[in-house]
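Below you'll find the structure, written out as structure tokens, and then a few comments.
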Amino acid sequence: MPDTAVLPATGYTLRRDRCVIEVSPRPPLVRGRLAATGGHWTPGSALTVTFDPGSLRTGIPFLGRAFRGDELTFTADEVAEDPFVVEGRVAGREVRLRGDVRHQDEHGVVVWAVGVVPPVHRKPRRAGRLVRLLARRRLRVEIAIEFVR
């Protein structure tokens with residue numbers, strides 16, 4: 001049995017300096033990384049990650065300014081651990097991520113997952129041209145997060 005098959009039922013806190021959330025539209029026009037501001041996970045139960053859309057970092061200068069706004073929260077009621085499967089919502093859009101637990105020890109857990117966010121059904125109101133363009137595309141999301149006790 002691999003060491004990632006059964007995780008203890010204690011809660012973990014997201015380590016902000018060891019969290020990567022990368023987003024890229026399909027087809028890939030640009031890639032961006034978001035900074036997490038907090039989160040927690042209880043294996044076999046809920047997962048919550050809060051991130052700031054204004055923290056978007058890309059190779060295109062000033063692109064992050066287009067995504068100002070309130071913090072976004074990704075929530076999932078249940079998380080499968082082996083393989084690591086998360087189904088949740090962020091900003092009203094369904095998200096399904098699939099990956100695995102890459103490392104686990106007595107101090108924490110490192111998870112990796114990738115998935116696709118489908119396009120929105122309605123055009124967002126009061127949004128800039130770039131945000132409306134990205135809202136109509138599928139977004140590929142990849143996460144690598146370390147949770148500590």
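FYI, nothing fancy with the structure tokens labels: chains A, B, ... in order, residues from 1 per chain, ligands from 1 as they appear.
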
message = Need to verify the contact set: segment 97-106 of chain A, 9 Å, only C-alpha atoms, exclusion of same-chain residues closer than 5 positions in sequence. Can you return it as a list in words?
response =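 The residues satisfying every condition are Asp3, Thr4, Ala5, Leu7, Glu81, Asp82, Pro83, Phe84, Val85, Val86, Glu87, Gly88, Val111, Trp112, Ala113, Val114, Gly115, Val116, Val141, Glu142, Ile143, Glu146, Val148 and Arg149 of chain A.
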
task = Tell me, as an MDAnalysis selection string, which residues lie within 8 Å of Ser24 of chain A, counting only C-alpha atoms; anything in the same chain fewer than 6 positions away does not count.
result = chainID A and resid 30:32 139:141

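Take atom CA of Ile145 of chain A and atom CA of Cys19 of chain A: the distance between them is 4.4 Å.
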
query = What does the distance between atom CA of Ala36 of chain A and atom CA of Ile21 of chain A come to in Å, to one decimal place?
reply =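 We find that atom CA of Ala36 of chain A and atom CA of Ile21 of chain A lie 7.7 Å from each other.
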
task = Have a look at A:Glu94, A:Asp70, A:Asp17, A:Glu22 and name the one nearest to Pro119 of chain A; count only C-alpha atoms.
result =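 Residue with the minimum atom-to-atom distance to Pro119 of chain A: A:Glu94.
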
Can you tell me, as a tab-separated table (two decimals) with N, CA, C and O atoms, in the first residue's frame, what residues are no more than 9 Å from Val90 of chain A when counting only C-alpha atoms, ignoring any on the same chain fewer than 3 positions away?
chain	number	residue	atom	x	y	z
A	72	LEU	N	-11.53	35.52	-4.28
A	72	LEU	CA	-12.34	34.40	-4.74
A	72	LEU	C	-12.05	33.21	-3.85
A	72	LEU	O	-10.92	33.01	-3.41
A	73	THR	N	-13.06	32.41	-3.59
A	73	THR	CA	-12.90	31.24	-2.74
A	73	THR	C	-13.32	30.00	-3.51
A	73	THR	O	-14.43	29.95	-4.06
A	74	PHE	N	-12.42	29.03	-3.56
A	74	PHE	CA	-12.73	27.73	-4.14
A	74	PHE	C	-13.12	26.82	-2.99
A	74	PHE	O	-12.39	26.70	-2.02
A	75	THR	N	-14.28	26.20	-3.09
A	75	THR	CA	-14.73	25.28	-2.05
A	75	THR	C	-15.14	23.96	-2.66
A	75	THR	O	-15.73	23.91	-3.73
A	93	ARG	N	-18.59	29.05	-11.13
A	93	ARG	CA	-18.21	28.10	-12.19
A	93	ARG	C	-17.76	26.79	-11.56
A	93	ARG	O	-17.03	26.77	-10.58
A	94	GLU	N	-18.20	25.69	-12.17
A	94	GLU	CA	-17.82	24.37	-11.70
A	94	GLU	C	-16.35	24.11	-12.02
A	94	GLU	O	-15.87	24.49	-13.09
A	95	VAL	N	-15.67	23.46	-11.11
A	95	VAL	CA	-14.26	23.11	-11.30
A	95	VAL	C	-14.08	21.66	-10.88
A	95	VAL	O	-14.55	21.26	-9.82

inquiry  = Can you tell me which residues surround Thr10 of chain A at a distance of at most 10 Å, considering only C-alpha atoms, apart from same-chain residues fewer than 4 positions away, and format the answer as a list in words?
reply    = Trp41, Thr42, Pro43, Gly44 and Arg149 of chain A

message = Between atom CA of Ala135 of chain A and atom CA of Val23 of chain A, what distance in Å does the model show, to one decimal?
response = 12.4 Å

inquiry  = If we count only C-alpha atoms and set the cut-off at 12 Å, which residues sit around Arg122 of chain A, ignoring sequence neighbours fewer than 5 positions away in its own chain? Please answer as a ChimeraX atom specification.
reply    = /A:92-93,132-133,135-137

Keeping only N, CA and C atoms, write those residues as a compact mmCIF listing (two decimals), in the first residue's frame.
# COMPACT_ATOMS: atom_id res chain seq x y z
N GLY A 92 -18.99 30.93 -9.14
CA GLY A 92 -20.15 30.39 -9.83
C GLY A 92 -19.84 29.41 -10.94
N ARG A 93 -18.59 29.05 -11.13
CA ARG A 93 -18.21 28.10 -12.19
C ARG A 93 -17.76 26.79 -11.56
N ARG A 132 -14.10 39.61 -20.33
CA ARG A 132 -15.20 38.99 -21.09
C ARG A 132 -14.69 37.95 -22.08
N LEU A 133 -13.56 38.24 -22.72
CA LEU A 133 -12.96 37.29 -23.66
C LEU A 133 -12.57 35.99 -22.95
N ALA A 135 -13.77 34.86 -20.14
CA ALA A 135 -14.95 34.21 -19.59
C ALA A 135 -15.61 33.28 -20.61
N ARG A 136 -15.42 33.56 -21.90
CA ARG A 136 -16.02 32.72 -22.94
C ARG A 136 -15.15 31.53 -23.32
N ARG A 137 -13.98 31.39 -22.71
CA ARG A 137 -13.07 30.29 -23.03
C ARG A 137 -12.98 29.29 -21.88

inquiry  = So, with only C-alpha atoms as the atoms that count, which of A:Arg57, A:Arg96, A:Arg129, A:Arg15 lies closest to Thr37 of chain A?
reply    = A:Arg15

request  = Using DSSP on the backbone coordinates, identify all residues within segment 41-128 of chain A classified as strand (DSSP E); present the result as a ChimeraX atom specification.
outcome  = /A:41,47-58,72-76,79-81,84-90,93-104,108-117

With N, CA and C atoms retained, write the just-selected residues as a tab-separated table (two decimals), in the first residue's frame.
chain	number	residue	atom	x	y	z
A	41	TRP	N	-7.71	22.19	4.60
A	41	TRP	CA	-8.20	20.92	4.07
A	41	TRP	C	-8.22	19.90	5.17
A	47	LEU	N	-12.43	21.11	1.40
A	47	LEU	CA	-11.23	21.82	0.97
A	47	LEU	C	-11.65	23.24	0.62
A	48	THR	N	-10.91	24.22	1.14
A	48	THR	CA	-11.18	25.62	0.85
A	48	THR	C	-9.87	26.31	0.54
A	49	VAL	N	-9.81	27.02	-0.59
A	49	VAL	CA	-8.64	27.82	-0.95
A	49	VAL	C	-9.15	29.20	-1.37
A	50	THR	N	-8.59	30.24	-0.74
A	50	THR	CA	-8.96	31.61	-1.05
A	50	THR	C	-7.80	32.26	-1.79
A	51	PHE	N	-8.10	32.93	-2.90
A	51	PHE	CA	-7.04	33.59	-3.66
A	51	PHE	C	-7.50	34.95	-4.14
A	52	ASP	N	-6.53	35.77	-4.47
A	52	ASP	CA	-6.76	37.16	-4.86
A	52	ASP	C	-6.61	37.28	-6.36
A	53	PRO	N	-7.67	37.59	-7.11
A	53	PRO	CA	-7.55	37.71	-8.57
A	53	PRO	C	-6.63	38.85	-8.99
A	54	GLY	N	-6.46	39.85	-8.14
A	54	GLY	CA	-5.57	40.96	-8.45
A	54	GLY	C	-4.10	40.59	-8.36
A	55	SER	N	-3.81	39.39	-7.85
A	55	SER	CA	-2.42	38.94	-7.72
A	55	SER	C	-1.92	38.23	-8.98
A	56	LEU	N	-2.72	38.21	-10.03
A	56	LEU	CA	-2.35	37.49	-11.26
A	56	LEU	C	-1.02	38.00	-11.79
A	57	ARG	N	-0.08	37.07	-11.99
A	57	ARG	CA	1.24	37.40	-12.55
A	57	ARG	C	1.37	36.70	-13.90
A	58	THR	N	1.67	37.46	-14.94
A	58	THR	CA	1.85	36.91	-16.27
A	58	THR	C	3.10	37.51	-16.89
A	72	LEU	N	-11.53	35.52	-4.28
A	72	LEU	CA	-12.34	34.40	-4.74
A	72	LEU	C	-12.05	33.21	-3.85
A	73	THR	N	-13.06	32.41	-3.59
A	73	THR	CA	-12.90	31.24	-2.74
A	73	THR	C	-13.32	30.00	-3.51
A	74	PHE	N	-12.42	29.03	-3.56
A	74	PHE	CA	-12.73	27.73	-4.14
A	74	PHE	C	-13.12	26.82	-2.99
A	75	THR	N	-14.28	26.20	-3.09
A	75	THR	CA	-14.73	25.28	-2.05
A	75	THR	C	-15.14	23.96	-2.66
A	76	ALA	N	-14.81	22.89	-1.96
A	76	ALA	CA	-15.22	21.55	-2.34
A	76	ALA	C	-15.67	20.84	-1.07
A	79	VAL	N	-13.40	15.54	-0.90
A	79	VAL	CA	-12.19	15.37	-1.68
A	79	VAL	C	-11.77	13.91	-1.60
A	80	ALA	N	-11.65	13.25	-2.73
A	80	ALA	CA	-11.12	11.89	-2.75
A	80	ALA	C	-9.60	11.99	-2.64
A	81	GLU	N	-8.98	11.07	-1.91
A	81	GLU	CA	-7.56	11.20	-1.62
A	81	GLU	C	-6.65	10.38	-2.52
A	84	PHE	N	-6.31	11.91	-6.01
A	84	PHE	CA	-6.78	13.18	-5.48
A	84	PHE	C	-7.76	13.78	-6.49
A	85	VAL	N	-9.04	13.83	-6.14
A	85	VAL	CA	-10.08	14.36	-7.03
A	85	VAL	C	-10.87	15.41	-6.25
A	86	VAL	N	-10.97	16.61	-6.82
A	86	VAL	CA	-11.67	17.72	-6.19
A	86	VAL	C	-12.74	18.21	-7.15
A	87	GLU	N	-13.97	18.29	-6.68
A	87	GLU	CA	-15.05	18.88	-7.45
A	87	GLU	C	-15.63	20.00	-6.62
A	88	GLY	N	-15.56	21.22	-7.14
A	88	GLY	CA	-16.04	22.36	-6.37
A	88	GLY	C	-16.47	23.50	-7.26
A	89	ARG	N	-16.57	24.68	-6.66
A	89	ARG	CA	-17.03	25.86	-7.38
A	89	ARG	C	-16.15	27.05	-7.01
A	90	VAL	N	-15.96	27.94	-7.99
A	90	VAL	CA	-15.32	29.22	-7.75
A	90	VAL	C	-15.99	30.23	-8.66
A	93	ARG	N	-18.59	29.05	-11.13
A	93	ARG	CA	-18.21	28.10	-12.19
A	93	ARG	C	-17.76	26.79	-11.56
A	94	GLU	N	-18.20	25.69	-12.17
A	94	GLU	CA	-17.82	24.37	-11.70
A	94	GLU	C	-16.35	24.11	-12.02
A	95	VAL	N	-15.67	23.46	-11.11
A	95	VAL	CA	-14.26	23.11	-11.30
A	95	VAL	C	-14.08	21.66	-10.88
A	96	ARG	N	-13.40	20.89	-11.73
A	96	ARG	CA	-13.06	19.51	-11.36
A	96	ARG	C	-11.58	19.33	-11.61
A	97	LEU	N	-10.86	19.04	-10.54
A	97	LEU	CA	-9.41	18.84	-10.61
A	97	LEU	C	-9.10	17.40	-10.25
A	98	ARG	N	-8.14	16.84	-10.98
A	98	ARG	CA	-7.74	15.45	-10.73
A	98	ARG	C	-6.22	15.40	-10.67
A	99	GLY	N	-5.70	14.75	-9.68
A	99	GLY	CA	-4.25	14.66	-9.51
A	99	GLY	C	-3.89	13.61	-8.48
A	100	ASP	N	-2.89	13.90	-7.68
A	100	ASP	CA	-2.50	12.96	-6.64
A	100	ASP	C	-1.79	13.67	-5.49
A	101	VAL	N	-1.64	12.91	-4.41
A	101	VAL	CA	-0.89	13.39	-3.27
A	101	VAL	C	0.57	13.06	-3.57
A	102	ARG	N	1.40	14.08	-3.77
A	102	ARG	CA	2.79	13.87	-4.16
A	102	ARG	C	3.70	13.54	-3.00
A	103	HIS	N	3.39	14.06	-1.83
A	103	HIS	CA	4.25	13.82	-0.67
A	103	HIS	C	3.40	13.91	0.58
A	104	GLN	N	3.69	13.04	1.53
A	104	GLN	CA	3.02	13.10	2.82
A	104	GLN	C	3.98	12.66	3.90
A	108	GLY	N	3.16	17.50	6.96
A	108	GLY	CA	2.25	18.06	5.97
A	108	GLY	C	2.03	17.17	4.77
A	109	VAL	N	1.30	17.73	3.80
A	109	VAL	CA	0.93	17.02	2.58
A	109	VAL	C	1.11	17.96	1.40
A	110	VAL	N	1.66	17.44	0.29
A	110	VAL	CA	1.77	18.20	-0.95
A	110	VAL	C	0.85	17.54	-1.97
A	111	VAL	N	-0.07	18.34	-2.54
A	111	VAL	CA	-0.99	17.82	-3.54
A	111	VAL	C	-0.78	18.54	-4.86
A	112	TRP	N	-1.04	17.83	-5.94
A	112	TRP	CA	-0.97	18.38	-7.29
A	112	TRP	C	-2.22	17.94	-8.02
A	113	ALA	N	-2.82	18.84	-8.79
A	113	ALA	CA	-4.00	18.48	-9.56
A	113	ALA	C	-4.13	19.41	-10.76
A	114	VAL	N	-4.84	18.94	-11.77
A	114	VAL	CA	-5.07	19.72	-12.98
A	114	VAL	C	-6.50	19.47	-13.43
A	115	GLY	N	-7.10	20.48	-14.06
A	115	GLY	CA	-8.46	20.34	-14.54
A	115	GLY	C	-8.84	21.49	-15.45
A	116	VAL	N	-10.11	21.51	-15.85
A	116	VAL	CA	-10.61	22.51	-16.78
A	116	VAL	C	-11.84	23.16	-16.18
A	117	VAL	N	-11.91	24.49	-16.30
A	117	VAL	CA	-13.09	25.26	-15.91
A	117	VAL	C	-13.84	25.58	-17.19

query = Could you write out, as number ranges by chain, all the residues of segment 14-82 of chain A that DSSP marks as helix (DSSP H, G or I)?
reply = A: 63-67
